[in-house]
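Below is one structure, written out as structure tokens, with a few remarks after it.
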There are 2 protein chains.
Amino acid sequence: MSERQQLHLNLFIHDTGHHEASWRLPESDPRADLDLGFHQRLARIAEDAKFDSVFLADSPALWGDPARRPSARLEPTVLLAALAASTTRIGLIATASTSYNEPYNLARRFASLDHLSGGRAGWNIVTTAGDAAARNFGLDGQPLHRTRYERAAEFLEVSAKLWDSWADDALVGDKDAGVHALPDRVRPAGHHGRFFRVEGALNVRRSPQGHPLLVQAGSSEDGKEFAARWAEAVFTAQPTLEEGQAFYADVKRRAVALGRDPEHVKILPGIVPVIGDTEAEARELEAELDRLIRPEYAREQLAALLKVEPERLAFDAQLPDDLPTEDDVEGSKSRYTLIVELARRENLTVRQLIGRLGGGRGHRTFTGTPVQVADTIQHWFEHGAADGFNVMPAVLPSGLEAFVAKVLPILRERGLFRTDYTGRTLREHYGLPRPGDRYALASAVPASV
Amino acid sequence: MSERQQLHLNLFIHDTGHHEASWRLPESDPRADLDLGFHQRLARIAEDAKFDSVFLADSPALWGDPARRPSARLEPTVLLAALAASTTRIGLIATASTSYNEPYNLARRFASLDHLSGGRAGWNIVTTAGDAAARNFGLDGQPLHRTRYERAAEFLEVSAKLWDSWADDALVGDKDAGVHALPDRVRPAGHHGRFFRVEGALNVRRSPQGHPLLVQAGSSEDGKEFAARWAEAVFTAQPTLEEGQAFYADVKRRAVALGRDPEHVKILPGIVPVIGDTEAEARELEAELDRLIRPEYAREQLAALLKVEPERLAFDAQLPDDLPTEDDVEGSKSRYTLIVELARRENLTVRQLIGRLGGGRGHRTFTGTPVQVADTIQHWFEHGAADGFNVMPAVLPSGLEAFVAKVLPILRERGLFRTDYTGRTLREHYGLPRPGDRYALASAVPASV
Ligand SMILES: Cc1cc2nc3c(=O)[nH]c(=O)nc-3n(C[C@H](O)[C@H](O)[C@H](O)COP(=O)(O)O)c2cc1C
Ligand SMILES: Cc1cc2nc3c(=O)[nH]c(=O)nc-3n(C[C@H](O)[C@H](O)[C@H](O)COP(=O)(O)O)c2cc1C
């Protein structure tokens, strides 16, 4: 069976579930967000089910009202290192910001995670929207959207130089001669750019995957251009098949224009599966969760995102007509547009919009029976909208368990999903090549010490 | 038995051992430095032996000649997170630099590690000497020694505000009312200082230990002042009992002068145990290791540290007379003085000095039988030079195994070391209090979002 005939599945772990009210269910532990055992349990379920990877979102700021839902976040590289020691095969993808990190520190943490896990590390590269994060790092507000992506591009250049600063064959371990590594196979990064100057070599050897798997999740014009240049997998929120198809074609086309193989950029839309044995049962589960949303919290966040006063959003009216355009937004451009278009297309009231966002935050909610969910997955996969999916259960772990127990067997019966891992590394799971040893054959330059 | 009658032991993990030639022994794996399994094995031996903690040194730069010895380092917070998942009781102390990190990111990683490990995280706070690290972070060379310590002091202030930004009782998890945490028990850091502006609250709740255990290892005047203010445990290199006693008294005196309880600053000198069943056997092991040192590598590093041309250091002559003084050194002041004084006091040739540094890098090497090693430990502990020790085996794991199998039983027989853990957290192992919830009773200020 060819690679393209099998889809890829990533589990997006998000405390007690992606539905903002999931923590209020009787089954949920309100302290799960900081509990290692909870995350180990999820990662092991996903690994037993042969998912390609687990994934953690992140931002270096307290985000939203702490009353509303769990708002604490274990730092993802640290949490995934603990999960690396608790699993053996599943990939581990951490989000980290290029706007609020230094390349030497971050490239090193990902190289360390790749060594620790035997080649299972991935980096979801984000530029971090919002003033709250900026104000935790000495700034008055967020840098311009364009500037954030320019910094991101240079950040990746530096990171690649650091990951490649040791040739794959630099370590010789010659005990008799007393030569541990060959100094002329270790080269300084020697990077002097607009945002960064990084002189030395990384103090971690080239890792099992060469580079961690590079993942990206920005969908603005700048975001898609960045994805086409750097991303090997793209997480995206696509509310309809048609939009999914357009996005898929757009990113692949941009990658080809940059000389890349379109098979080497996997498109993974988010899906929020809400599964019931009957359609009515699934809808009832969804309705139960929506009833637990406190709309006054959600309205405040929606107003901030739309840049209007909360009082201008009447619960039972549609959105005001005079909203800013994407060009006026310096935060998360594509998210802004997605929400406004969703509301306008479906003539949603503010209350209805809040329900839709509270569940899947703009991602496609697949509510139905296991066969219906499997059908939709297959349809998207076979009609040019997805190479796989970012699975975002509304409730964790029960929504994941339902997906694994009921939907995966159908996908496997149809030959669409693996029955066992065939590779060892995250790149092997996704069918992506290991980056070549760029400097291995370059002329020798002595290492900086 | 009172707390003071029991000593504390920390295992300093340093790839295949603290002797620079340890990797050349037949038993050593030259790739151990990046191998999770190797580190898990060491941590489990130390935990089975009831050590208080394991510890990892660090610098964000490739340090030294890659030919000479293993020079790669897994980033410590990430490695210790993996070890947290592989152990249950032992403390986990990671070195991290205040000069090349941002407080929000680092405070968060330590809070995350403390949650993950159930209260076992410690931070060895360093200011990082040397130009190589500075040049990986956009600087031309290292900031002044004084400036680095000023930044460190403010870094700790900010970190404490972040760790305390959630009151211990902020989380209520009230499912019926839909209130996850009490917003008025979450306060922004609101820090505006000379080096840092950090506005928001941490996005991690207050951790099991309140703050990670704070450890420090600088021994210059500025370093000791910093330790007296912030450190709860101090690693130090003390080549003789008299110097150890003077340092011990000095740091405790400074702590008292700042209003602290001297029992709350544990002094832990390094020891390099080289153990044989007879004294002759121990000396032979030491000599075998020293024969494996390649002196031309070591001379280059020594020359850099002393700020002289390598050719001026003749192997069979003593150090030149006209070396700089500590005041001229902007890097590691106390280390510089320690080495020069060691050479002068014992009239060592360059070759002899290199042998001494290659073994213990200035730390006290205890070479002898198990009883002799235990005697020396007891003598230092009972004569005001140590509250415990930073154990630095010349060869790992065999030197650790010998220490555990042969020296620990003697210390236990004498009632000097625990037979089992009595506490759960790292602070409990060291008999140190959990910092109080400083802001818990302060007036409510709404959280930044
Ligand atoms: C599935 C998914 C996950 C995301 N996770 C994060 C995240 O963890 N942190 C973050 O700052 N942004 C995250 N984003 C947002 C984007 O990465 C990006 O920062 C945002 O869309 C702004 O970029 P844009 O303006 O190019 O769309 C995520 C987006 C998607 C679709
Ligand atoms: C046991 C021990 C471990 C140390 N580990 C580190 C380390 O990992 N990284 C580092 O930069 N400095 C380390 N140091 C050095 C000191 O923390 C400090 O940075 C150095 O001595 C310079 O400070 P000073 O000038 O105050 O002595 C260590 C020192 C000792 C005694």
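By order in the structure tokens, chains are A, B, ...; within a chain, residues start at 1; ligands start at 1, following the order shown.
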
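Non-sequential neighbours of segment 283-290 of chain A (distance at most 9 Å, separation of 2 or more positions within a chain, only C-alpha atoms) are His19, Glu20, Ala21, Ser22, Arg24, Leu25, Val274, Ile275, Gly276, Thr278, Glu279, Ala280, Glu281, Leu292, Ile293, Arg294, Gly355, Arg356, Gly358, Gly359, Thr367, Gly368 and Ala394 of chain A.
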
Could the residues in this selection be written to a file with C-alpha atoms, as a CSV table (one decimal), in the first residue's frame?
chain,number,residue,atom,x,y,z
A,19,HIS,CA,-14.4,21.9,24.7
A,20,GLU,CA,-14.0,24.8,27.1
A,21,ALA,CA,-16.6,23.4,29.6
A,22,SER,CA,-15.1,19.8,29.5
A,24,ARG,CA,-17.1,20.7,34.4
A,25,LEU,CA,-18.1,17.1,33.6
A,274,VAL,CA,-18.1,14.0,19.1
A,275,ILE,CA,-19.2,10.4,18.9
A,276,GLY,CA,-22.4,8.6,19.8
A,278,THR,CA,-26.6,7.1,17.4
A,279,GLU,CA,-26.6,10.5,15.8
A,280,ALA,CA,-29.1,11.7,18.5
A,281,GLU,CA,-26.8,10.5,21.2
A,292,LEU,CA,-22.1,24.1,30.5
A,293,ILE,CA,-20.4,27.1,28.8
A,294,ARG,CA,-20.8,30.4,30.7
A,355,GLY,CA,-21.2,27.7,21.2
A,356,ARG,CA,-19.4,26.8,18.0
A,358,GLY,CA,-16.4,26.8,22.7
A,359,GLY,CA,-16.6,23.4,21.2
A,367,THR,CA,-20.6,15.0,15.4
A,368,GLY,CA,-22.2,11.6,14.7
A,394,ALA,CA,-14.0,17.6,23.1

Report task. Would you list the contacts of Tyr104 of chain B as a PyMOL selection string, taking every protein, DNA or RNA residue within 9 Å and counting only C-alpha atoms, but skipping same-chain residues closer than 5 positions in sequence? Result -> (chain A and resi 60-61+136-137) or (chain B and resi 109+158-159+162+198+202)

Quick one: write out the picked residues with all heavy atoms as a PDB file, in the first residue's frame?
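Once written, result20.pdb looks like this:
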ATOM      1  N   PRO A  60       3.654  31.813  26.090  1.00  0.00           N
ATOM      2  CA  PRO A  60       4.313  32.186  27.339  1.00  0.00           C
ATOM      3  C   PRO A  60       3.562  33.309  28.057  1.00  0.00           C
ATOM      4  O   PRO A  60       4.117  34.373  28.316  1.00  0.00           O
ATOM      5  CB  PRO A  60       5.705  32.618  26.877  1.00  0.00           C
ATOM      6  CG  PRO A  60       5.479  33.183  25.513  1.00  0.00           C
ATOM      7  CD  PRO A  60       4.321  32.424  24.922  1.00  0.00           C
ATOM      8  N   ALA A  61       2.309  33.064  28.375  1.00  0.00           N
ATOM      9  CA  ALA A  61       1.514  34.054  29.093  1.00  0.00           C
ATOM     10  C   ALA A  61       0.283  33.353  29.651  1.00  0.00           C
ATOM     11  O   ALA A  61      -0.146  32.338  29.101  1.00  0.00           O
ATOM     12  CB  ALA A  61       1.074  35.185  28.158  1.00  0.00           C
ATOM     13  N   ASN A 136       5.408  40.098  28.968  1.00  0.00           N
ATOM     14  CA  ASN A 136       6.212  39.262  29.873  1.00  0.00           C
ATOM     15  C   ASN A 136       7.683  39.239  29.473  1.00  0.00           C
ATOM     16  O   ASN A 136       8.503  38.605  30.128  1.00  0.00           O
ATOM     17  CB  ASN A 136       5.658  37.836  29.891  1.00  0.00           C
ATOM     18  CG  ASN A 136       4.305  37.774  30.593  1.00  0.00           C
ATOM     19  OD1 ASN A 136       3.996  38.621  31.419  1.00  0.00           O
ATOM     20  ND2 ASN A 136       3.513  36.779  30.244  1.00  0.00           N
ATOM     21  N   PHE A 137       8.002  39.938  28.368  1.00  0.00           N
ATOM     22  CA  PHE A 137       9.371  39.919  27.848  1.00  0.00           C
ATOM     23  C   PHE A 137       9.864  41.331  27.561  1.00  0.00           C
ATOM     24  O   PHE A 137      10.572  41.562  26.592  1.00  0.00           O
ATOM     25  CB  PHE A 137       9.434  39.037  26.591  1.00  0.00           C
ATOM     26  CG  PHE A 137       9.145  37.590  26.904  1.00  0.00           C
ATOM     27  CD1 PHE A 137       7.843  37.118  26.941  1.00  0.00           C
ATOM     28  CD2 PHE A 137      10.178  36.720  27.227  1.00  0.00           C
ATOM     29  CE1 PHE A 137       7.573  35.788  27.274  1.00  0.00           C
ATOM     30  CE2 PHE A 137       9.922  35.397  27.564  1.00  0.00           C
ATOM     31  CZ  PHE A 137       8.619  34.934  27.594  1.00  0.00           C
TER      32      PHE A 137
ATOM     33  N   ARG B 109       9.751  26.874  33.424  1.00  0.00           N
ATOM     34  CA  ARG B 109      10.260  25.502  33.261  1.00  0.00           C
ATOM     35  C   ARG B 109      10.512  24.866  34.623  1.00  0.00           C
ATOM     36  O   ARG B 109      10.207  23.694  34.829  1.00  0.00           O
ATOM     37  CB  ARG B 109      11.532  25.478  32.413  1.00  0.00           C
ATOM     38  CG  ARG B 109      11.250  25.792  30.942  1.00  0.00           C
ATOM     39  CD  ARG B 109      12.039  24.924  29.979  1.00  0.00           C
ATOM     40  NE  ARG B 109      13.465  24.996  30.154  1.00  0.00           N
ATOM     41  CZ  ARG B 109      14.217  26.038  29.837  1.00  0.00           C
ATOM     42  NH1 ARG B 109      13.665  27.119  29.315  1.00  0.00           N
ATOM     43  NH2 ARG B 109      15.517  26.015  30.024  1.00  0.00           N
ATOM     44  N   VAL B 158      12.294  38.520  40.176  1.00  0.00           N
ATOM     45  CA  VAL B 158      11.192  38.306  39.231  1.00  0.00           C
ATOM     46  C   VAL B 158      10.676  36.882  39.339  1.00  0.00           C
ATOM     47  O   VAL B 158       9.467  36.634  39.371  1.00  0.00           O
ATOM     48  CB  VAL B 158      11.647  38.532  37.768  1.00  0.00           C
ATOM     49  CG1 VAL B 158      10.455  38.375  36.832  1.00  0.00           C
ATOM     50  CG2 VAL B 158      12.275  39.890  37.590  1.00  0.00           C
ATOM     51  N   SER B 159      11.606  35.936  39.426  1.00  0.00           N
ATOM     52  CA  SER B 159      11.187  34.530  39.472  1.00  0.00           C
ATOM     53  C   SER B 159      10.302  34.279  40.685  1.00  0.00           C
ATOM     54  O   SER B 159       9.281  33.583  40.595  1.00  0.00           O
ATOM     55  CB  SER B 159      12.408  33.616  39.511  1.00  0.00           C
ATOM     56  OG  SER B 159      13.194  33.798  38.351  1.00  0.00           O
ATOM     57  N   LEU B 162       6.896  35.501  40.092  1.00  0.00           N
ATOM     58  CA  LEU B 162       6.155  34.619  39.185  1.00  0.00           C
ATOM     59  C   LEU B 162       5.714  33.344  39.907  1.00  0.00           C
ATOM     60  O   LEU B 162       4.566  32.910  39.783  1.00  0.00           O
ATOM     61  CB  LEU B 162       7.010  34.287  37.960  1.00  0.00           C
ATOM     62  CG  LEU B 162       7.209  35.460  36.985  1.00  0.00           C
ATOM     63  CD1 LEU B 162       8.319  35.151  35.977  1.00  0.00           C
ATOM     64  CD2 LEU B 162       5.909  35.786  36.246  1.00  0.00           C
ATOM     65  N   VAL B 198       8.395  42.416  33.511  1.00  0.00           N
ATOM     66  CA  VAL B 198       7.565  41.218  33.377  1.00  0.00           C
ATOM     67  C   VAL B 198       6.215  41.543  33.996  1.00  0.00           C
ATOM     68  O   VAL B 198       6.087  41.734  35.206  1.00  0.00           O
ATOM     69  CB  VAL B 198       8.204  40.009  34.092  1.00  0.00           C
ATOM     70  CG1 VAL B 198       7.302  38.780  33.950  1.00  0.00           C
ATOM     71  CG2 VAL B 198       9.592  39.715  33.510  1.00  0.00           C
ATOM     72  N   LEU B 202       2.364  34.023  36.123  1.00  0.00           N
ATOM     73  CA  LEU B 202       2.854  32.803  35.497  1.00  0.00           C
ATOM     74  C   LEU B 202       1.653  31.976  35.034  1.00  0.00           C
ATOM     75  O   LEU B 202       0.585  32.020  35.650  1.00  0.00           O
ATOM     76  CB  LEU B 202       3.694  32.000  36.503  1.00  0.00           C
ATOM     77  CG  LEU B 202       4.658  30.971  35.906  1.00  0.00           C
ATOM     78  CD1 LEU B 202       5.713  31.651  35.048  1.00  0.00           C
ATOM     79  CD2 LEU B 202       5.336  30.148  36.992  1.00  0.00           C
TER      80      LEU B 202
END

Requested in this report: Find the spatial neighbours of Asp327 of chain A, counting only C-alpha atoms, within a cut-off of 12 Å - ignore same-chain residues fewer than 5 positions away - and output them as a ChimeraX atom specification.
Outcome: /A:144-146,220-222,332-334,336-337

**Report entry** Near-Leu214 of chain A list (9 Å; only C-alpha atoms; drop same-chain fewer than 5 positions) as a PyMOL selection string
**Finding:** chain A and resi 93+122-125+230-234

Please, which residues of segment 78-205 of chain A, numbered as in this document, come out strand (DSSP E) from DSSP, as a tab-separated table (two decimals) with C-alpha atoms, in the first residue's frame?
chain	number	residue	atom	x	y	z
A	91	GLY	CA	6.07	11.25	18.13
A	92	LEU	CA	6.20	14.24	20.50
A	93	ILE	CA	5.43	17.70	19.09
A	94	ALA	CA	5.90	20.80	21.28
A	95	THR	CA	4.81	24.31	20.41
A	96	ALA	CA	7.42	27.01	20.99
A	97	SER	CA	7.54	30.66	20.06
A	121	ALA	CA	10.75	15.24	18.54
A	122	GLY	CA	8.73	17.78	16.58
A	123	TRP	CA	8.48	21.56	16.87
A	124	ASN	CA	5.25	23.44	16.18
A	125	ILE	CA	6.68	26.81	15.25
A	126	VAL	CA	4.55	29.79	16.26
A	171	LEU	CA	32.04	11.48	17.02
A	172	VAL	CA	34.72	8.83	16.69
A	173	GLY	CA	35.27	7.84	20.34
A	174	ASP	CA	38.83	6.66	19.65
A	179	VAL	CA	40.26	11.52	20.38
A	180	HIS	CA	36.59	11.80	21.30
A	181	ALA	CA	35.30	13.79	18.31
A	191	HIS	CA	25.41	33.47	12.05
A	192	HIS	CA	25.23	37.29	11.78
A	197	ARG	CA	24.12	36.80	16.11
A	198	VAL	CA	25.03	33.24	17.06

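Near segment 148-156 of chain A, within a cut-off of 7 Å and counting only C-alpha atoms, sit the residues A:Thr98, A:Ser99, A:Pro103, A:Thr127, A:Pro143, A:Leu144, A:Ala160, A:Phe195, A:Asp222, with same-chain residues fewer than 4 positions away left out.
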
Dump N, CA and C atoms for the selected residues as a CSV table (one decimal), in the first residue's frame?
chain,number,residue,atom,x,y,z
A,98,THR,N,8.9,31.6,18.3
A,98,THR,CA,10.2,32.2,17.8
A,98,THR,C,10.3,33.7,18.3
A,99,SER,N,9.2,34.3,18.8
A,99,SER,CA,9.2,35.7,19.2
A,99,SER,C,9.8,35.8,20.6
A,103,PRO,N,17.4,31.5,19.8
A,103,PRO,CA,17.7,30.2,19.0
A,103,PRO,C,18.6,29.2,19.7
A,127,THR,N,4.6,32.2,16.1
A,127,THR,CA,5.1,33.5,16.3
A,127,THR,C,4.4,34.2,17.5
A,143,PRO,N,5.1,42.7,18.7
A,143,PRO,CA,5.7,43.2,17.5
A,143,PRO,C,4.8,43.1,16.3
A,144,LEU,N,5.0,43.8,15.2
A,144,LEU,CA,4.1,43.7,14.1
A,144,LEU,C,4.1,42.3,13.5
A,160,ALA,N,18.7,25.7,12.0
A,160,ALA,CA,19.2,24.7,11.1
A,160,ALA,C,20.8,24.7,11.1
A,195,PHE,N,18.2,39.8,13.2
A,195,PHE,CA,17.7,39.6,14.6
A,195,PHE,C,18.7,38.9,15.5
A,222,ASP,N,1.4,35.5,5.3
A,222,ASP,CA,2.8,35.3,5.8
A,222,ASP,C,2.9,33.9,6.4

Query raised in the report: In terms of the shortest atom-to-atom distance over only C-alpha atoms, which of B:Ile13, B:Ile45, B:Ala67, B:Leu7 is closest to chain A?
Result: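 Once distances to chain A are computed over only C-alpha atoms, the minimum belongs to B:Ala67.
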
**Report entry** Counting only C-alpha atoms, chain B residues within 6 Å of chain A, as a PyMOL selection string
**Finding:** chain B and resi 24+30+36+61-64+66-69+72-75+78+81-82+85+109+112+116+135-138+173+175+179-183+197-200+203-204+449

Query - Residue with smallest distance to Tyr430 of chain A - pool A:Asp387, A:Glu309, A:Glu382, A:Asp164, counting only C-alpha atoms - result: A:Asp387

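You can rank A:Ala304, A:Thr425, A:Lys406, A:Glu311 by their closest distance to Ala49 of chain A using only C-alpha atoms, and at the top of that list sits A:Lys406.
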
Report summary line: From atom CA of Asp114 of chain A to atom CA of Gly119 of chain B the spacing works out at 25.9 Å

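All residues of protein, DNA or RNA that reach within 12 Å of Asp375 of chain B, judged by only C-alpha atoms and not counting those fewer than 3 positions away in the chain, are Phe366, Thr367, Gly368, Thr369, Pro370, Val371, Gln372, Gln378, His379, Trp380, Phe381, Glu382, His383, Val407, Leu408, Ile410, Leu411, Arg414 and Leu416 of chain B.
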
So that I have them on file, write out the residues from the current selection with N, CA and C atoms, as a short mmCIF file (atom, residue, chain, number, x, y, z; two decimals), in the first residue's frame.
data_model
loop_
_atom_site.label_atom_id
_atom_site.label_comp_id
_atom_site.auth_asym_id
_atom_site.auth_seq_id
_atom_site.Cartn_x
_atom_site.Cartn_y
_atom_site.Cartn_z
N PHE B 366 39.27 12.39 47.36
CA PHE B 366 39.45 11.52 48.52
C PHE B 366 39.85 10.15 47.98
N THR B 367 41.13 9.86 47.97
CA THR B 367 41.61 8.59 47.44
C THR B 367 41.97 7.69 48.61
N GLY B 368 41.39 6.49 48.65
CA GLY B 368 41.73 5.59 49.75
C GLY B 368 40.76 4.45 49.88
N THR B 369 40.83 3.81 51.04
CA THR B 369 39.93 2.69 51.32
C THR B 369 38.56 3.25 51.71
N PRO B 370 37.53 2.41 51.68
CA PRO B 370 36.19 2.88 52.10
C PRO B 370 36.21 3.51 53.49
N VAL B 371 36.94 2.91 54.43
CA VAL B 371 36.97 3.49 55.78
C VAL B 371 37.66 4.86 55.76
N GLN B 372 38.74 4.98 55.01
CA GLN B 372 39.42 6.28 54.94
C GLN B 372 38.50 7.35 54.34
N GLN B 378 33.25 12.12 57.50
CA GLN B 378 32.79 12.38 58.86
C GLN B 378 33.56 13.54 59.49
N HIS B 379 34.86 13.58 59.24
CA HIS B 379 35.68 14.63 59.82
C HIS B 379 35.25 16.02 59.32
N TRP B 380 35.09 16.15 58.02
CA TRP B 380 34.63 17.43 57.47
C TRP B 380 33.25 17.80 58.02
N PHE B 381 32.38 16.80 58.09
CA PHE B 381 31.00 17.04 58.52
C PHE B 381 30.96 17.47 59.99
N GLU B 382 31.81 16.89 60.79
CA GLU B 382 31.76 17.17 62.25
C GLU B 382 32.66 18.31 62.66
N HIS B 383 33.44 18.84 61.71
CA HIS B 383 34.33 19.95 62.06
C HIS B 383 34.04 21.22 61.27
N VAL B 407 31.17 2.69 50.87
CA VAL B 407 31.28 3.82 51.81
C VAL B 407 29.95 4.05 52.54
N LEU B 408 28.84 4.00 51.81
CA LEU B 408 27.55 4.29 52.46
C LEU B 408 27.25 3.38 53.64
N ILE B 410 29.20 2.14 55.80
CA ILE B 410 29.97 2.63 56.96
C ILE B 410 29.32 3.89 57.52
N LEU B 411 28.95 4.81 56.62
CA LEU B 411 28.30 6.05 57.09
C LEU B 411 26.98 5.73 57.80
N ARG B 414 27.45 4.39 61.24
CA ARG B 414 27.79 5.46 62.18
C ARG B 414 26.62 6.43 62.41
N LEU B 416 25.24 8.37 60.25
CA LEU B 416 25.45 9.66 59.57
C LEU B 416 24.59 9.85 58.33
#

I need the residues in segment 27-79 of chain A that are helix (DSSP H, G or I) according to DSSP; give them as a JSON list (two decimals) with N, CA, C and O atoms, in the first residue's frame.
[["chain", "number", "residue", "atom", "x", "y", "z"],
["A", 32, "ALA", "N", -6.08, 18.26, 36.23],
["A", 32, "ALA", "CA", -5.40, 17.40, 35.24],
["A", 32, "ALA", "C", -4.35, 18.16, 34.44],
["A", 32, "ALA", "O", -3.35, 17.59, 34.02],
["A", 33, "ASP", "N", -4.55, 19.49, 34.26],
["A", 33, "ASP", "CA", -3.64, 20.26, 33.41],
["A", 33, "ASP", "C", -2.19, 20.19, 33.86],
["A", 33, "ASP", "O", -1.28, 20.31, 33.05],
["A", 34, "LEU", "N", -1.93, 20.02, 35.14],
["A", 34, "LEU", "CA", -0.55, 20.00, 35.64],
["A", 34, "LEU", "C", -0.15, 18.61, 36.14],
["A", 34, "LEU", "O", 0.86, 18.47, 36.83],
["A", 36, "LEU", "N", 1.23, 14.95, 35.61],
["A", 36, "LEU", "CA", 2.00, 14.10, 34.69],
["A", 36, "LEU", "C", 1.26, 12.81, 34.39],
["A", 36, "LEU", "O", 1.20, 12.37, 33.24],
["A", 37, "GLY", "N", 0.68, 12.18, 35.42],
["A", 37, "GLY", "CA", 0.00, 10.91, 35.22],
["A", 37, "GLY", "C", -1.12, 11.00, 34.19],
["A", 37, "GLY", "O", -1.31, 10.09, 33.37],
["A", 38, "PHE", "N", -1.85, 12.09, 34.21],
["A", 38, "PHE", "CA", -2.92, 12.31, 33.23],
["A", 38, "PHE", "C", -2.35, 12.35, 31.80],
["A", 38, "PHE", "O", -2.88, 11.70, 30.88],
["A", 39, "HIS", "N", -1.25, 13.07, 31.63],
["A", 39, "HIS", "CA", -0.66, 13.17, 30.29],
["A", 39, "HIS", "C", -0.03, 11.84, 29.86],
["A", 39, "HIS", "O", -0.08, 11.48, 28.68],
["A", 40, "GLN", "N", 0.55, 11.12, 30.82],
["A", 40, "GLN", "CA", 1.10, 9.80, 30.47],
["A", 40, "GLN", "C", 0.00, 8.87, 29.98],
["A", 40, "GLN", "O", 0.16, 8.13, 29.01],
["A", 41, "ARG", "N", -1.15, 8.94, 30.66],
["A", 41, "ARG", "CA", -2.26, 8.07, 30.28],
["A", 41, "ARG", "C", -2.71, 8.38, 28.84],
["A", 41, "ARG", "O", -2.90, 7.47, 28.04],
["A", 42, "LEU", "N", -2.85, 9.66, 28.51],
["A", 42, "LEU", "CA", -3.27, 10.04, 27.15],
["A", 42, "LEU", "C", -2.25, 9.59, 26.12],
["A", 42, "LEU", "O", -2.60, 9.05, 25.07],
["A", 43, "ALA", "N", -0.96, 9.83, 26.41],
["A", 43, "ALA", "CA", 0.08, 9.47, 25.44],
["A", 43, "ALA", "C", 0.11, 7.96, 25.22],
["A", 43, "ALA", "O", 0.34, 7.49, 24.10],
["A", 44, "ARG", "N", -0.13, 7.20, 26.28],
["A", 44, "ARG", "CA", -0.09, 5.74, 26.13],
["A", 44, "ARG", "C", -1.30, 5.22, 25.36],
["A", 44, "ARG", "O", -1.19, 4.29, 24.56],
["A", 45, "ILE", "N", -2.47, 5.83, 25.57],
["A", 45, "ILE", "CA", -3.64, 5.44, 24.76],
["A", 45, "ILE", "C", -3.34, 5.71, 23.28],
["A", 45, "ILE", "O", -3.57, 4.87, 22.42],
["A", 46, "ALA", "N", -2.79, 6.91, 23.01],
["A", 46, "ALA", "CA", -2.50, 7.27, 21.61],
["A", 46, "ALA", "C", -1.43, 6.36, 21.02],
["A", 46, "ALA", "O", -1.49, 5.98, 19.85],
["A", 47, "GLU", "N", -0.44, 6.00, 21.83],
["A", 47, "GLU", "CA", 0.62, 5.11, 21.32],
["A", 47, "GLU", "C", 0.08, 3.70, 21.08],
["A", 47, "GLU", "O", 0.39, 3.09, 20.05],
["A", 48, "ASP", "N", -0.72, 3.20, 22.00],
["A", 48, "ASP", "CA", -1.31, 1.87, 21.78],
["A", 48, "ASP", "C", -2.16, 1.87, 20.51],
["A", 48, "ASP", "O", -2.26, 0.85, 19.83],
["A", 76, "PRO", "N", 5.86, 22.86, 27.32],
["A", 76, "PRO", "CA", 5.77, 21.64, 26.51],
["A", 76, "PRO", "C", 7.08, 20.85, 26.33],
["A", 76, "PRO", "O", 7.02, 19.62, 26.31],
["A", 77, "THR", "N", 8.23, 21.50, 26.17],
["A", 77, "THR", "CA", 9.44, 20.67, 25.94],
["A", 77, "THR", "C", 9.74, 19.84, 27.18],
["A", 77, "THR", "O", 10.20, 18.70, 27.09],
["A", 78, "VAL", "N", 9.48, 20.41, 28.35],
["A", 78, "VAL", "CA", 9.72, 19.72, 29.60],
["A", 78, "VAL", "C", 8.70, 18.57, 29.77],
["A", 78, "VAL", "O", 9.06, 17.43, 30.10],
["A", 79, "LEU", "N", 7.43, 18.85, 29.51],
["A", 79, "LEU", "CA", 6.42, 17.80, 29.63],
["A", 79, "LEU", "C", 6.70, 16.67, 28.63],
["A", 79, "LEU", "O", 6.61, 15.48, 28.97]]

Query raised in the report: Nearest to ligand 1 among A:Phe226, A:Tyr297, A:Phe315, A:Tyr421, with distances taken over only C-alpha atoms and all ligand atoms: which residue is it?
Result: A:Phe226

Query raised in the report: By how many Å are atom CA of Gly17 of chain B and atom CA of Val272 of chain B apart?
Result: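 Spanning atom CA of Gly17 of chain B to atom CA of Val272 of chain B is a straight-line distance of 9.9 Å.
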